[in-house]
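Student: Mind having a look at this structure? Questions to follow.
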Amino acid sequence: MEHTACLSDLQPGQRGIVGTLHSTGAMRRRLLDIGLVENTPVECLGRSPGGDPSAFLIRGAVIAIRRTDGRDVLLREG
């Protein structure tokens, strides 16, 4: 499985598939709870006016994730 980018690299309109989650502790639990598990498709819907956080469509829900947290979510080719 080859990782091509992290969640934070997605631009509005781009899609990816979750490969690996490198977060730890409470943040890992939160990301898992919102559905960021392996093989989950995600789509970047947009960025806030300041550029951070970004909005992602994950399992039918729109979730805002900060750039620093998105760097720990590696995407794979899909």
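Just so we're on the same page: first chain in the structure tokens is A, next is B, and so on; residues restart at 1 for each chain, and ligands are numbered from 1 in the order they show up.
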With only C-alpha atoms as the counted atoms, please give the residues lying no more than 12 Å from A:Ser23, apart from itself and same-chain residues fewer than 3 positions off, as an MDAnalysis selection string.
Tutor: chainID A and resid 20 26:32 36:37 68:74
Student: Run DSSP on the backbone and grab whatever in chain A lands in strand (DSSP E); send it over as a PyMOL selection string.
Tutor: chain A and resi 3-6+15-21+41-47+54-58+61-65+73-76
Student: Okay, now the selection with N, CA, C and O atoms, as a short mmCIF file (atom, residue, chain, number, x, y, z; two decimals), in the first residue's frame?
Tutor:
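Wrote out-v7.cif, looks like this:
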```cif
data_model
loop_
_atom_site.label_atom_id
_atom_site.label_comp_id
_atom_site.auth_asym_id
_atom_site.auth_seq_id
_atom_site.Cartn_x
_atom_site.Cartn_y
_atom_site.Cartn_z
N HIS A 3 1.40 5.27 0.22
CA HIS A 3 0.76 6.49 0.69
C HIS A 3 1.16 7.63 -0.24
O HIS A 3 2.32 7.81 -0.56
N THR A 4 0.15 8.38 -0.67
CA THR A 4 0.41 9.43 -1.65
C THR A 4 0.35 10.82 -1.05
O THR A 4 0.94 11.74 -1.59
N ALA A 5 -0.36 10.99 0.04
CA ALA A 5 -0.54 12.32 0.63
C ALA A 5 -1.12 12.16 2.02
O ALA A 5 -1.46 11.06 2.45
N CYS A 6 -1.26 13.28 2.70
CA CYS A 6 -1.98 13.27 3.97
C CYS A 6 -3.27 14.06 3.79
O CYS A 6 -3.46 14.76 2.79
N ARG A 15 -10.40 14.16 -3.59
CA ARG A 15 -10.82 13.02 -2.77
C ARG A 15 -9.63 12.12 -2.48
O ARG A 15 -8.64 12.14 -3.20
N GLY A 16 -9.77 11.33 -1.45
CA GLY A 16 -8.75 10.36 -1.09
C GLY A 16 -9.37 9.22 -0.30
O GLY A 16 -10.55 9.27 0.05
N ILE A 17 -8.55 8.22 -0.02
CA ILE A 17 -8.98 7.08 0.78
C ILE A 17 -8.01 6.94 1.95
O ILE A 17 -6.79 6.93 1.75
N VAL A 18 -8.56 6.83 3.15
CA VAL A 18 -7.73 6.74 4.35
C VAL A 18 -6.91 5.45 4.30
O VAL A 18 -7.44 4.37 4.04
N GLY A 19 -5.61 5.60 4.54
CA GLY A 19 -4.71 4.46 4.59
C GLY A 19 -4.28 4.16 6.01
O GLY A 19 -4.58 3.10 6.55
N THR A 20 -3.60 5.11 6.64
CA THR A 20 -3.04 4.90 7.97
C THR A 20 -3.30 6.13 8.84
O THR A 20 -3.24 7.26 8.36
N LEU A 21 -3.53 5.89 10.12
CA LEU A 21 -3.76 6.96 11.08
C LEU A 21 -2.60 6.95 12.07
O LEU A 21 -2.39 5.96 12.78
N PRO A 41 -13.47 6.59 2.24
CA PRO A 41 -13.30 7.69 1.29
C PRO A 41 -13.57 9.04 1.97
O PRO A 41 -14.47 9.14 2.80
N VAL A 42 -12.76 10.04 1.64
CA VAL A 42 -12.95 11.39 2.17
C VAL A 42 -12.86 12.38 1.01
O VAL A 42 -12.19 12.13 0.02
N GLU A 43 -13.54 13.50 1.18
CA GLU A 43 -13.49 14.57 0.18
C GLU A 43 -13.33 15.90 0.88
O GLU A 43 -14.02 16.18 1.87
N CYS A 44 -12.42 16.73 0.39
CA CYS A 44 -12.25 18.08 0.92
C CYS A 44 -13.32 18.97 0.29
O CYS A 44 -13.38 19.10 -0.94
N LEU A 45 -14.16 19.57 1.11
CA LEU A 45 -15.23 20.42 0.61
C LEU A 45 -14.83 21.89 0.56
O LEU A 45 -15.38 22.66 -0.22
N GLY A 46 -13.88 22.28 1.39
CA GLY A 46 -13.45 23.68 1.39
C GLY A 46 -12.59 24.00 2.59
O GLY A 46 -12.38 23.16 3.47
N ARG A 47 -12.09 25.22 2.60
CA ARG A 47 -11.25 25.71 3.71
C ARG A 47 -11.90 26.95 4.30
O ARG A 47 -12.62 27.67 3.61
N SER A 54 -10.09 22.87 7.58
CA SER A 54 -10.73 22.51 6.32
C SER A 54 -11.95 21.64 6.62
O SER A 54 -11.99 20.95 7.63
N ALA A 55 -12.93 21.68 5.72
CA ALA A 55 -14.13 20.86 5.87
C ALA A 55 -14.01 19.63 4.98
O ALA A 55 -13.65 19.73 3.81
N PHE A 56 -14.31 18.47 5.56
CA PHE A 56 -14.22 17.20 4.85
C PHE A 56 -15.54 16.46 4.95
O PHE A 56 -16.20 16.49 5.99
N LEU A 57 -15.90 15.79 3.87
CA LEU A 57 -17.07 14.92 3.86
C LEU A 57 -16.58 13.53 4.22
O LEU A 57 -15.80 12.93 3.48
N ILE A 58 -17.03 13.04 5.39
CA ILE A 58 -16.60 11.74 5.90
C ILE A 58 -17.85 10.96 6.29
O ILE A 58 -18.57 11.36 7.21
N ALA A 61 -21.06 12.95 6.73
CA ALA A 61 -21.05 14.10 7.64
C ALA A 61 -19.94 15.06 7.24
O ALA A 61 -18.88 14.65 6.77
N VAL A 62 -20.19 16.34 7.42
CA VAL A 62 -19.18 17.36 7.15
C VAL A 62 -18.44 17.64 8.46
O VAL A 62 -19.06 18.03 9.46
N ILE A 63 -17.13 17.43 8.45
CA ILE A 63 -16.30 17.55 9.65
C ILE A 63 -15.16 18.53 9.37
O ILE A 63 -14.49 18.43 8.34
N ALA A 64 -14.94 19.46 10.29
CA ALA A 64 -13.81 20.40 10.18
C ALA A 64 -12.62 19.80 10.92
O ALA A 64 -12.74 19.39 12.07
N ILE A 65 -11.48 19.75 10.23
CA ILE A 65 -10.27 19.19 10.82
C ILE A 65 -9.12 20.17 10.60
O ILE A 65 -8.91 20.66 9.49
N VAL A 73 -3.14 11.80 9.19
CA VAL A 73 -4.00 10.89 8.45
C VAL A 73 -3.42 10.71 7.05
O VAL A 73 -3.48 11.61 6.23
N LEU A 74 -2.81 9.55 6.81
CA LEU A 74 -2.19 9.29 5.51
C LEU A 74 -3.22 8.66 4.57
O LEU A 74 -4.00 7.80 4.97
N LEU A 75 -3.20 9.13 3.34
CA LEU A 75 -4.11 8.63 2.32
C LEU A 75 -3.37 7.67 1.41
O LEU A 75 -2.15 7.76 1.26
N ARG A 76 -4.11 6.78 0.79
CA ARG A 76 -3.50 5.84 -0.15
C ARG A 76 -4.13 6.02 -1.52
O ARG A 76 -5.17 6.65 -1.65
#
```
Student: For atom CA of A:Arg67 and atom CA of A:Gly50, quote the distance in Å rounded to one decimal.
Tutor: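 Interatomic distance, atom CA of A:Arg67 to atom CA of A:Gly50: 11.6 Å.
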Student: Report the residues of chain A whose backbone DSSP state falls under helix (DSSP H, G or I), written as a PyMOL selection string.
Tutor: chain A and resi 7-9+25-33+67-70
Student: Output the selection as a PDB file, in the first residue's frame - C-alpha atoms for each residue.
Tutor:
```
ATOM      1  CA  LEU A   7      -5.464  14.578   4.642  1.00  0.00           C
ATOM      2  CA  SER A   8      -4.132  18.134   4.965  1.00  0.00           C
ATOM      3  CA  ASP A   9      -2.782  17.975   1.396  1.00  0.00           C
ATOM      4  CA  GLY A  25      -4.155   9.504  22.463  1.00  0.00           C
ATOM      5  CA  ALA A  26      -7.367  11.489  22.574  1.00  0.00           C
ATOM      6  CA  MET A  27      -6.982  12.863  19.046  1.00  0.00           C
ATOM      7  CA  ARG A  28      -6.669   9.347  17.629  1.00  0.00           C
ATOM      8  CA  ARG A  29      -9.852   8.338  19.456  1.00  0.00           C
ATOM      9  CA  ARG A  30     -11.710  11.393  18.104  1.00  0.00           C
ATOM     10  CA  LEU A  31     -10.626  10.751  14.528  1.00  0.00           C
ATOM     11  CA  LEU A  32     -11.642   7.097  14.783  1.00  0.00           C
ATOM     12  CA  ASP A  33     -14.991   8.105  16.312  1.00  0.00           C
ATOM     13  CA  ARG A  67      -4.183  21.090   9.341  1.00  0.00           C
ATOM     14  CA  THR A  68      -1.960  19.797  12.174  1.00  0.00           C
ATOM     15  CA  ASP A  69      -4.400  16.963  12.913  1.00  0.00           C
ATOM     16  CA  GLY A  70      -4.889  16.141   9.234  1.00  0.00           C
TER      17      GLY A  70
END
```
